[in-house]
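As provided, structure.txt (compact mmCIF, C-alpha atoms) reads as follows.
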# COMPACT_ATOMS: atom_id res chain seq x y z
CA MET Q 224 -33.62 15.56 7.00
CA ARG Q 225 -35.42 12.72 5.28
CA LEU Q 226 -35.54 14.68 2.04
CA ILE Q 227 -31.78 15.21 2.17
CA PHE Q 228 -31.29 11.50 2.68
CA TRP Q 229 -33.41 10.68 -0.38
CA LEU Q 230 -31.67 13.30 -2.50
CA PHE Q 231 -28.28 12.02 -1.42
CA SER Q 232 -29.33 8.48 -2.28
CA ALA Q 233 -30.51 9.55 -5.73
CA ALA Q 234 -27.26 11.44 -6.33
CA LEU Q 235 -25.22 8.44 -5.24
CA ILE Q 236 -27.12 6.12 -7.58
CA ALA Q 237 -26.68 8.67 -10.39
CA VAL Q 238 -22.92 8.87 -9.87
CA ILE Q 239 -22.55 5.08 -9.79
CA THR Q 240 -24.72 4.70 -12.90
CA HIS Q 241 -22.82 7.45 -14.69
CA LEU Q 242 -19.39 6.00 -14.00
CA SER Q 243 -20.46 2.44 -14.74
CA TYR Q 244 -21.96 3.51 -18.04
CA VAL Q 245 -18.92 5.53 -19.13
CA LEU Q 246 -16.41 2.89 -18.12
CA PHE Q 247 -18.14 -0.27 -19.30
CA VAL Q 248 -20.89 0.28 -21.88
CA PRO Q 249 -18.85 1.83 -24.73
CA ALA Q 250 -16.06 -0.73 -24.30
CA SER Q 251 -18.57 -3.57 -24.27
CA ASN Q 252 -20.26 -2.15 -27.37
CA PHE Q 253 -16.94 -1.92 -29.17
CA ASN Q 254 -15.92 -5.44 -28.16
CA ASN Q 255 -19.19 -6.77 -29.54
CA ARG Q 256 -18.56 -5.00 -32.82
CA ILE Q 257 -15.00 -6.28 -33.02
CA ASP Q 258 -16.13 -9.82 -32.26
CA ALA Q 259 -18.85 -9.61 -34.90
CA ALA Q 260 -16.49 -8.13 -37.48
CA LEU Q 261 -13.63 -10.55 -36.82
CA LYS Q 262 -15.49 -13.78 -36.22
CA GLU Q 263 -12.75 -15.95 -37.67
CA GLN Q 264 -9.82 -14.31 -35.98
CA LYS Q 265 -8.07 -16.19 -33.19
CA LEU Q 266 -6.44 -14.52 -30.23
CA ASN Q 267 -2.78 -13.55 -30.59
CA GLN Q 268 -2.73 -13.68 -34.36
CA PHE Q 269 -2.44 -10.96 -36.97
CA THR Q 270 -5.25 -10.39 -39.44
CA ILE Q 271 -5.07 -8.14 -42.46
CA LEU Q 272 -8.15 -5.98 -42.49
CA ASP Q 273 -9.94 -5.29 -45.72
CA GLY Q 274 -10.39 -1.68 -46.75
CA LYS Q 275 -14.06 -1.33 -45.85
CA LEU Q 276 -13.73 -2.94 -42.45
CA GLN Q 277 -10.77 -0.85 -41.40
CA THR Q 278 -12.61 2.39 -42.12
CA LYS Q 279 -15.40 1.16 -39.85
CA LEU Q 280 -13.18 0.26 -36.91
CA MET Q 281 -10.44 2.85 -37.11
CA PRO Q 282 -10.95 6.57 -37.15
CA PHE Q 283 -9.44 8.55 -40.00
CA VAL Q 284 -8.18 5.60 -41.99
CA SER Q 285 -8.90 5.26 -45.69
CA GLU Q 286 -9.66 2.13 -47.70
CA THR Q 287 -6.30 2.13 -49.47
CA ASP Q 288 -4.34 2.13 -46.21
CA LEU Q 289 -2.89 -1.06 -44.87
CA VAL Q 290 -3.94 -2.24 -41.41
CA ILE Q 291 -2.98 -5.50 -39.72
CA LEU Q 292 -4.56 -6.17 -36.39
CA CYS Q 293 -4.00 -8.60 -33.52
CA LYS Q 294 -6.40 -9.25 -30.67
CA TYR Q 295 -4.00 -9.95 -27.86
CA ASP Q 296 -4.50 -11.61 -24.52
CA VAL Q 297 -1.64 -11.49 -22.03
CA SER Q 298 -3.50 -13.17 -19.18
CA GLN Q 299 -1.77 -16.51 -19.91
CA GLY Q 300 1.67 -15.00 -20.49
CA PRO Q 301 3.50 -12.44 -22.63
CA VAL Q 302 2.70 -11.95 -26.29
CA ARG Q 303 5.31 -11.04 -28.87
CA LEU Q 304 4.75 -8.89 -31.94
CA SER Q 305 7.47 -9.77 -34.43
CA MET Q 306 7.18 -7.10 -37.05
CA ARG Q 307 8.42 -7.04 -40.62
CA VAL Q 308 7.76 -3.69 -42.23
CA PRO Q 309 8.62 -2.04 -45.54
CA ASP Q 310 10.17 1.39 -45.89
CA GLY Q 311 7.78 4.25 -45.42
CA TYR Q 312 5.63 5.84 -42.79
CA TRP Q 313 3.78 3.53 -40.42
CA THR Q 314 2.65 3.47 -36.81
CA LEU Q 315 2.19 0.54 -34.48
CA SER Q 316 -0.40 1.17 -31.77
CA VAL Q 317 -1.41 -0.92 -28.79
CA TYR Q 318 -4.82 -0.24 -27.29
CA THR Q 319 -6.52 -1.73 -24.27
CA MET Q 320 -10.05 -3.06 -24.57
CA HIS Q 321 -11.24 0.12 -22.86
CA GLY Q 322 -9.96 2.05 -25.85
CA ARG Q 323 -6.92 3.60 -24.24
CA GLN Q 324 -3.76 3.80 -26.25
CA ALA Q 325 -1.10 2.08 -24.18
CA TYR Q 326 1.76 2.36 -26.65
CA ALA Q 327 2.73 3.77 -30.03
CA LEU Q 328 5.78 3.38 -32.20
CA ASN Q 329 6.48 4.73 -35.67
CA ASP Q 330 9.05 4.05 -38.37
CA ARG Q 331 11.41 6.82 -37.27
CA GLN Q 332 11.39 5.69 -33.66
CA ALA Q 333 11.93 2.05 -34.59
CA ASP Q 334 14.48 2.79 -37.31
CA ALA Q 335 14.43 -0.86 -38.35
CA ARG Q 336 12.49 -3.02 -40.77
CA ALA Q 337 12.41 -5.98 -38.40
CA PHE Q 338 11.86 -5.65 -34.67
CA SER Q 339 9.80 -7.10 -31.87
CA VAL Q 340 7.55 -5.73 -29.19
CA ARG Q 341 6.75 -7.81 -26.13
CA LEU Q 342 3.38 -7.25 -24.47
CA VAL Q 343 3.18 -8.16 -20.81
CA LYS Q 344 0.67 -7.68 -18.03
CA ASP Q 345 1.46 -4.80 -15.76
CA ARG Q 346 2.79 -6.12 -12.48
CA SER Q 347 1.16 -5.31 -9.18
CA PHE Q 348 3.06 -3.40 -6.53
CA ILE Q 349 3.74 -6.62 -4.57
CA GLU Q 350 5.00 -8.39 -7.70
CA GLN Q 351 7.32 -5.50 -8.44
CA LEU Q 352 8.78 -5.70 -4.95
CA THR Q 353 9.26 -9.47 -5.02
CA SER Q 354 10.76 -9.70 -8.50
CA ILE Q 355 13.46 -7.03 -8.40
CA GLY Q 356 16.42 -8.16 -10.45
CA ASP Q 357 14.82 -10.93 -12.47
CA ASP Q 358 12.74 -8.66 -14.64
CA ASP Q 359 14.12 -9.16 -18.13
CA ALA Q 360 16.86 -11.66 -17.48
CA ASN Q 361 15.36 -14.21 -19.87
CA PHE Q 362 14.22 -11.85 -22.55
CA GLU Q 363 16.42 -12.67 -25.50
CA ASP Q 364 14.86 -10.38 -28.09
CA ILE Q 365 16.10 -7.00 -29.07
CA GLY Q 366 13.00 -4.92 -28.98
CA TRP Q 367 10.51 -3.07 -26.87
CA LYS Q 368 8.49 -4.13 -23.89
CA VAL Q 369 5.03 -2.80 -23.15
CA GLU Q 370 3.41 -3.27 -19.74
CA LEU Q 371 -0.33 -3.26 -20.14
CA PRO Q 372 -2.91 -2.31 -17.53
CA GLU Q 373 -5.44 -4.78 -18.99
CA ASP Q 374 -5.18 -8.38 -20.17
CA LYS Q 375 -6.87 -7.92 -23.53
CA GLY Q 376 -6.81 -5.39 -26.29
CA LEU Q 377 -5.83 -4.65 -29.85
CA ALA Q 378 -2.46 -4.10 -31.44
CA PHE Q 379 -2.38 -2.87 -34.99
CA LEU Q 380 0.00 -1.52 -37.54
CA TRP Q 381 -1.28 1.21 -39.82
CA MET Q 382 0.50 2.18 -42.98
CA PRO Q 383 -1.10 4.91 -45.09
CA HIS Q 384 -1.16 4.42 -48.83
CA ALA Q 385 -2.12 6.61 -51.70
CA ASP Q 386 -3.23 3.74 -53.92
CA LYS Q 387 -4.17 0.08 -53.73
CA TRP Q 388 -1.27 -1.09 -55.92
CA ARG Q 389 1.33 0.08 -53.45
CA ARG Q 390 -0.79 -1.47 -50.73
CA THR Q 391 -0.50 -4.87 -52.39
CA GLU Q 392 3.29 -4.59 -52.61
CA ASP Q 393 3.69 -3.71 -48.95
CA LEU Q 394 1.19 -6.35 -47.92
CA ALA Q 395 3.57 -9.11 -48.98
CA GLU Q 396 6.21 -7.89 -46.56
CA ILE Q 397 3.96 -6.97 -43.65
CA SER Q 398 2.17 -10.32 -43.80
CA ASN Q 399 5.39 -11.92 -42.51
CA SER Q 400 4.77 -10.21 -39.17
CA LYS Q 401 3.66 -12.40 -36.31
CA CYS Q 402 1.64 -11.93 -33.17
CA GLU Q 403 2.14 -14.93 -30.92
CA LYS Q 404 2.12 -16.02 -27.34
CA ILE Q 405 5.64 -16.50 -26.06
CA PRO Q 406 6.02 -20.20 -25.14
CA GLU Q 407 6.59 -21.05 -21.47
CA GLU Q 408 10.15 -22.02 -20.64
CA MET S 61 -46.24 1.44 0.60
CA HIS S 62 -45.19 5.09 0.66
CA ARG S 63 -41.61 4.11 1.46
CA PHE S 64 -41.57 1.53 -1.33
CA SER S 65 -42.75 4.05 -3.91
CA SER S 66 -40.13 6.54 -2.66
CA ILE S 67 -37.39 3.96 -3.12
CA VAL S 68 -38.59 3.16 -6.63
CA LEU S 69 -38.78 6.85 -7.49
CA ILE S 70 -35.30 7.60 -6.13
CA LEU S 71 -33.88 4.57 -7.91
CA PHE S 72 -35.48 5.60 -11.18
CA LEU S 73 -34.34 9.22 -10.85
CA GLY S 74 -30.79 8.18 -10.00
CA LEU S 75 -30.56 5.71 -12.85
CA PHE S 76 -32.02 8.14 -15.35
CA ALA S 77 -29.80 11.03 -14.25
CA GLY S 78 -26.70 8.82 -14.37
CA TRP S 79 -27.56 7.39 -17.78
CA PHE S 80 -28.56 10.74 -19.28
CA SER S 81 -25.50 12.61 -18.02
CA ALA S 82 -23.20 9.82 -19.22
CA ARG S 83 -24.72 9.88 -22.73
CA GLN S 84 -24.51 13.66 -22.91
CA MET S 85 -20.89 13.75 -21.82
CA LEU S 86 -19.89 10.93 -24.15
CA ASP S 87 -21.57 12.75 -27.05
CA ARG S 88 -19.70 15.94 -26.33
CA ALA S 89 -16.36 14.39 -25.42
CA ALA S 90 -14.90 14.56 -28.91
CA GLY S 91 -15.83 18.19 -29.24
CA SER S 92 -13.41 19.37 -26.58
CA ALA S 93 -11.49 21.97 -28.43
CA SER S 94 -9.16 24.84 -27.95
CA LEU S 95 -8.43 26.49 -31.26
CA PRO S 96 -11.13 28.91 -32.37
CA ALA S 97 -9.34 29.85 -35.60
CA ASN S 98 -11.67 30.37 -38.55
CA ASN S 99 -14.16 27.99 -36.95
CA TRP S 100 -11.61 25.19 -36.75
CA ARG S 101 -11.47 23.46 -33.40
CA GLU S 102 -8.68 21.23 -32.27
CA VAL S 103 -9.68 18.04 -30.55
CA ARG S 104 -7.11 17.19 -27.93
CA ILE S 105 -6.56 13.48 -27.56
CA SER S 106 -5.67 13.04 -23.92
CA GLY S 107 -3.54 10.12 -22.93
CA ASP S 108 -4.19 9.13 -19.38
CA SER S 109 -6.69 11.17 -17.44
CA LEU S 110 -10.27 10.88 -16.29
CA TRP S 111 -11.34 12.84 -19.38
CA SER S 112 -9.69 10.26 -21.61
CA SER S 113 -12.32 7.74 -20.49
CA TYR S 114 -14.97 10.01 -21.94
CA GLN S 115 -12.99 10.61 -25.12
CA SER S 116 -12.27 6.96 -25.74
CA GLY S 117 -15.88 6.14 -24.81
CA HIS S 118 -17.11 8.64 -27.39
CA TYR S 119 -15.40 6.69 -30.16
CA LEU S 120 -15.94 3.20 -28.73
CA TRP S 121 -19.66 3.86 -28.49
CA ARG S 122 -19.62 4.44 -32.26
CA GLY S 123 -17.66 1.24 -32.76
CA LYS S 124 -14.29 2.87 -33.39
CA LEU S 125 -11.02 3.29 -31.58
CA GLN S 126 -10.10 6.80 -30.60
CA PRO S 127 -7.36 8.46 -32.65
CA ALA S 128 -3.81 7.88 -31.56
CA THR S 129 -2.33 10.43 -29.19
CA ASP S 130 0.29 11.51 -31.74
CA VAL S 131 -2.37 12.56 -34.23
CA ARG S 132 -3.43 16.20 -34.31
CA LEU S 133 -7.11 16.36 -35.10
CA PHE S 134 -9.04 19.46 -36.20
CA ARG S 135 -12.71 19.65 -37.02
CA ARG S 136 -15.31 22.19 -37.98
CA ASP S 137 -19.02 22.22 -38.68
CA ALA S 138 -19.31 25.67 -40.25
CA ASP S 139 -17.71 27.58 -43.09
CA ASP S 140 -15.68 30.76 -42.62
CA ASP S 141 -18.88 32.84 -42.52
CA GLY S 142 -20.41 30.64 -39.87
CA ASN S 143 -22.90 28.83 -42.13
CA ALA S 144 -23.56 25.20 -41.32
CA LEU S 145 -21.89 22.79 -43.75
CA ARG S 146 -24.60 21.12 -45.84
CA SER S 147 -24.02 18.47 -48.42
CA ASP S 148 -26.57 19.99 -50.82
CA CYS S 149 -24.31 23.04 -51.08
CA THR S 150 -21.01 23.29 -52.93
CA THR S 151 -18.18 24.15 -50.58
CA LEU S 152 -14.54 24.89 -51.30
CA ILE S 153 -11.68 24.02 -48.98
CA GLU S 154 -8.46 25.79 -49.87
CA GLY S 155 -5.12 26.10 -48.18
CA GLN S 156 -1.47 25.12 -48.11
CA SER S 157 -0.30 21.57 -47.55
CA PRO S 158 0.28 21.13 -43.81
CA GLN S 159 3.75 20.28 -42.54
CA ALA S 160 3.14 16.68 -41.59
CA ARG S 161 4.36 13.33 -42.85
CA TRP S 162 0.80 12.32 -43.63
CA TRP S 163 -2.39 14.30 -43.49
CA MET S 164 -5.96 13.76 -44.42
CA ILE S 165 -9.04 15.90 -45.01
CA GLY S 166 -12.41 14.26 -44.61
CA ALA S 167 -16.09 15.11 -44.78
CA ASP S 168 -18.42 13.12 -42.55
CA ASN S 169 -22.22 13.49 -42.64
CA GLY S 170 -22.90 10.65 -40.25
CA ASN S 171 -23.93 8.34 -43.08
CA GLU S 172 -20.84 8.44 -45.24
CA VAL S 173 -17.27 9.57 -44.87
CA LYS S 174 -15.23 10.81 -47.82
CA THR S 175 -11.52 11.47 -47.46
CA ILE S 176 -8.57 12.70 -49.42
CA SER S 177 -5.02 12.41 -48.17
CA SER S 178 -1.62 13.94 -48.74
CA GLY S 179 -0.81 10.92 -50.89
CA THR S 180 -3.63 11.47 -53.35
CA ILE S 181 -4.39 15.17 -53.34
CA ILE S 182 -3.60 17.24 -56.43
CA ARG S 183 -1.49 20.27 -55.49
CA GLU S 184 -0.53 23.51 -57.19
CA TYR S 185 3.11 24.35 -57.89
CA ASP S 186 3.34 26.30 -54.58
CA ASN S 187 1.94 23.42 -52.52
CA ALA S 188 -1.50 24.99 -52.35
CA PHE S 189 -4.58 22.84 -52.82
CA THR S 190 -8.32 23.16 -53.23
CA VAL S 191 -10.93 20.51 -52.47
CA THR S 192 -14.57 20.76 -53.54
CA VAL S 193 -17.25 19.18 -51.35
CA SER S 194 -20.49 18.73 -53.26
CA GLN S 195 -23.12 16.28 -54.45
CA ASN S 196 -22.11 16.60 -58.08
CA ALA S 197 -18.69 15.65 -59.41
CA ALA S 198 -16.20 18.51 -59.57
CA PRO S 199 -12.85 18.76 -61.35
CA GLY S 200 -9.68 18.35 -59.31
CA ASN S 201 -9.95 17.21 -55.72
CA TRP S 202 -13.52 16.28 -54.92
CA LEU S 203 -15.30 14.88 -51.88
CA GLY S 204 -18.74 13.71 -52.99
CA LEU S 205 -21.45 13.56 -50.32
CA SER S 206 -25.02 12.61 -51.10
CA GLY S 207 -28.23 13.82 -49.47
CA SER S 208 -28.77 17.15 -47.78
CA ARG S 209 -27.45 16.45 -44.33
CA ASP S 210 -25.16 18.62 -42.26
CA TYR S 211 -21.60 17.40 -42.16
CA VAL S 212 -18.31 18.10 -40.45
CA ILE S 213 -14.92 18.58 -42.05
CA TYR S 214 -11.92 17.22 -40.26
CA LEU S 215 -8.21 17.46 -40.81
CA THR S 216 -5.73 15.03 -39.30
CA LEU S 217 -1.99 15.60 -39.12
CA ASN S 218 0.15 12.54 -38.52
CA ASP S 219 3.65 12.99 -37.19
CA ALA S 220 3.45 16.73 -37.68
CA LYS S 221 6.73 18.56 -37.88
CA ASP S 222 7.40 20.23 -34.56
CA GLU S 223 8.01 23.84 -35.53
CA ALA S 224 5.12 24.19 -37.90
CA ALA S 225 2.84 22.00 -35.82
CA LYS S 226 2.55 24.57 -33.04
CA THR S 227 0.59 26.93 -35.24
CA PRO S 228 -0.46 24.97 -38.31
CA SER S 229 -1.90 26.90 -41.18
CA LEU S 230 -5.42 25.53 -41.48
CA PRO S 231 -7.42 25.61 -44.73
CA ARG S 232 -10.16 28.12 -45.37
CA VAL S 233 -13.67 26.88 -46.06
CA LYS S 234 -16.03 28.84 -48.32
CA ARG S 235 -19.58 28.13 -49.42
CA LEU S 236 -19.80 28.67 -53.18
CA TRP S 237 -23.51 28.08 -53.77
CA CYS S 238 -26.51 26.04 -52.66
Could you write out this file's structure as structure tokens?
Amino acid sequence: MRLIFWLFSAALIAVITHLSYVLFVPASNFNNRIDAALKEQKLNQFTILDGKLQTKLMPFVSETDLVILCKYDVSQGPVRLSMRVPDGYWTLSVYTMHGRQAYALNDRQADARAFSVRLVKDRSFIEQLTSIGDDDANFEDIGWKVELPEDKGLAFLWMPHADKWRRTEDLAEISNSKCEKIPEE
Amino acid sequence: MHRFSSIVLILFLGLFAGWFSARQMLDRAAGSASLPANNWREVRISGDSLWSSYQSGHYLWRGKLQPATDVRLFRRDADDDGNALRSDCTTLIEGQSPQARWWMIGADNGNEVKTISSGTIIREYDNAFTVTVSQNAAPGNWLGLSGSRDYVIYLTLNDAKDEAAKTPSLPRVKRLWC
């Protein structure tokens, strides 16, 4: 009986360790790398990644591709991505800090060269019940709304390019995009 | 004293087992595959499940985000005859351009990653292509890897066209010489 108790205890500790490791260690490791790589970048602001850095952070991206990235934080209120994009294939992805893709949009789905995406914190069940009807009453933008399960994460637009010259041309247009906290009313 | 040592032992065993199993599962998470065609394996990017925590963890642990869920990802670590892919050998990848808006073939030996995409690849008149993976420069499409390490080849299809995407025609991989 005592042996079973000890074995059960060991198994319980193993399960807790296993889950804690899987859920927290890789995300923490990635966050440290992002923070080290983007020392200068402020929250809720787009940064254009240089070719070498983007191949380190993103899987299956080449140096000639164009990537602009925003570290968002919706804990203090919604964040708006106001995008200006050239013609051509691109995808906008929103990831949580635990590496889960919360949202994706591409050029065909957007079908516009200027649009906005509003990032908001996912509401709790109680908040959903108490705020029926006033959900988007004050949202003036024409765009998309993404409810996020976590406060912080990364939003980035990826546009593949065959050469660096085309990259430079598209950069001028994409750099007009903004990632910003929506001011309180 | 006996009880104290038992507690320490159980604690150590539990921590080690939890840590070891987590590392093993994270290492293998990206290898989940379901397409044993010519040694290609498709890595399914799951959106929202318990397994997705392992998949995203696999990439995050290496300092990268996991691929987007709309990307089809194929990988292989052997040629068509089952030989391991080694960068001190010359290997030929040949096939037809996949039906996707953007696609990329890469070779990754853990130290360096070389890629060629649909935007840069040189094609034949019938949309066929060949890519040489070797240490020494080769004419046409070339992925140059140094050293003599094993590597993996991957193929990503972005926004693949629906009909063709169900059964994509994947390139063949042949070892020419070592």
Considering all atoms listed in the file, give me a table of residues in chain Q that are at most 7 Å from chain S, with the closest atom pair and distance in Å for each, as a tab-separated table.
residue	atom	partner	partner_atom	distance
Q:Trp229	CA	S:Ile70	CA	6.8
Q:Ala233	CA	S:Gly74	CA	4.5
Q:Ala234	CA	S:Gly74	CA	6.0
Q:Ile236	CA	S:Gly74	CA	4.9
Q:Ala237	CA	S:Gly78	CA	4.0
Q:Val238	CA	S:Gly78	CA	5.9
Q:Thr240	CA	S:Gly78	CA	4.8
Q:His241	CA	S:Gly78	CA	4.1
Q:Tyr244	CA	S:Ala82	CA	6.5
Q:Val245	CA	S:Ala82	CA	6.1
Q:Leu246	CA	S:Ser113	CA	6.8
Q:Pro249	CA	S:Trp121	CA	4.3
Q:Ala250	CA	S:Leu120	CA	5.9
Q:Asn252	CA	S:Trp121	CA	6.1
Q:Phe253	CA	S:Gly123	CA	4.8
Q:Arg256	CA	S:Gly123	CA	6.3
Q:Lys279	CA	S:Lys124	CA	6.8
Q:Leu280	CA	S:Lys124	CA	4.5
Q:Met281	CA	S:Lys124	CA	5.4
Q:Pro282	CA	S:Pro127	CA	6.1
Q:Ser285	CA	S:Thr175	CA	7.0
Q:Gly322	CA	S:Ser116	CA	5.4
Q:Arg323	CA	S:Ser116	CA	6.5
Q:Gln324	CA	S:Ala128	CA	6.7
Q:His384	CA	S:Gly179	CA	6.8
Q:Ala385	CA	S:Gly179	CA	4.6
Residue list as a short mmCIF file (atom, residue, chain, number, x, y, z; two decimals) with C-alpha atoms, in the frame of the given file for point (-21.4, 30.3, -53.5), cut-off 10 Å, only C-alpha atoms:
data_model
loop_
_atom_site.label_atom_id
_atom_site.label_comp_id
_atom_site.auth_asym_id
_atom_site.auth_seq_id
_atom_site.Cartn_x
_atom_site.Cartn_y
_atom_site.Cartn_z
CA CYS S 149 -24.31 23.04 -51.08
CA THR S 150 -21.01 23.29 -52.93
CA THR S 151 -18.18 24.15 -50.58
CA LEU S 152 -14.54 24.89 -51.30
CA LYS S 234 -16.03 28.84 -48.32
CA ARG S 235 -19.58 28.13 -49.42
CA LEU S 236 -19.80 28.67 -53.18
CA TRP S 237 -23.51 28.08 -53.77
CA CYS S 238 -26.51 26.04 -52.66
#
**Prompt:** How many Å separate CA of Trp313 in chain Q from CA of Ala333 in chain Q?
**Reply:**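 One can read the CA of Trp313 in chain Q to CA of Ala333 in chain Q distance as 10.1 Å.
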**Prompt:** Can you tell me how far CA of Val193 in chain S sits from CA of Gly207 in chain S, in Å to one decimal?
**Reply:**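 One can read the CA of Val193 in chain S to CA of Gly207 in chain S distance as 12.4 Å.
Using all atoms listed in the file, the smallest distance between any of S:Arg183, S:Arg104, S:Arg209, S:Arg88 and Ser147 in chain S comes from S:Arg209.
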**Prompt:** Could you state the separation of CA of Val297 in chain Q and CA of Gln332 in chain Q in Å, given to one decimal place?
**Reply:** 24.5 Å
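Near Ala337 in chain Q, within a cut-off of 8 Å and counting all atoms listed in the file, sit the residues Q:Ser305, Q:Met306, Q:Arg307, Q:Val308, with same-chain residues fewer than 6 positions away left out.
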Store the residues picked out above, limited to C-alpha atoms, as a CSV table (one decimal), in the coordinates of the input.
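New file result36.csv:
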chain,number,residue,atom,x,y,z
Q,305,SER,CA,7.5,-9.8,-34.4
Q,306,MET,CA,7.2,-7.1,-37.0
Q,307,ARG,CA,8.4,-7.0,-40.6
Q,308,VAL,CA,7.8,-3.7,-42.2
**Item:** Spatial neighbours of range 387-399 of chain Q, 9 Å, all atoms listed in the file, chain gap at least 3 places, as a ChimeraX atom specification
**Value:** /Q:269-271,286-289,291,305-310,382-384
**Among the residues S:Ala160, S:Ala144, S:Leu110, S:Ala89, the one that comes closest to Pro228 in chain S [using only C-alpha atoms]** = S:Ala160
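Shortest separation to Pro231 in chain S among S:Ser206, S:Asn143, S:Gln156, S:Asn169 occurs at residue S:Gln156, atoms counted being all atoms listed in the file.
Restricting the calculation to all atoms listed in the file, the smallest distance between Trp381 in chain Q and any of Q:Pro301, Q:Cys402, Q:Ser251, Q:Gly311 is found for Q:Gly311.
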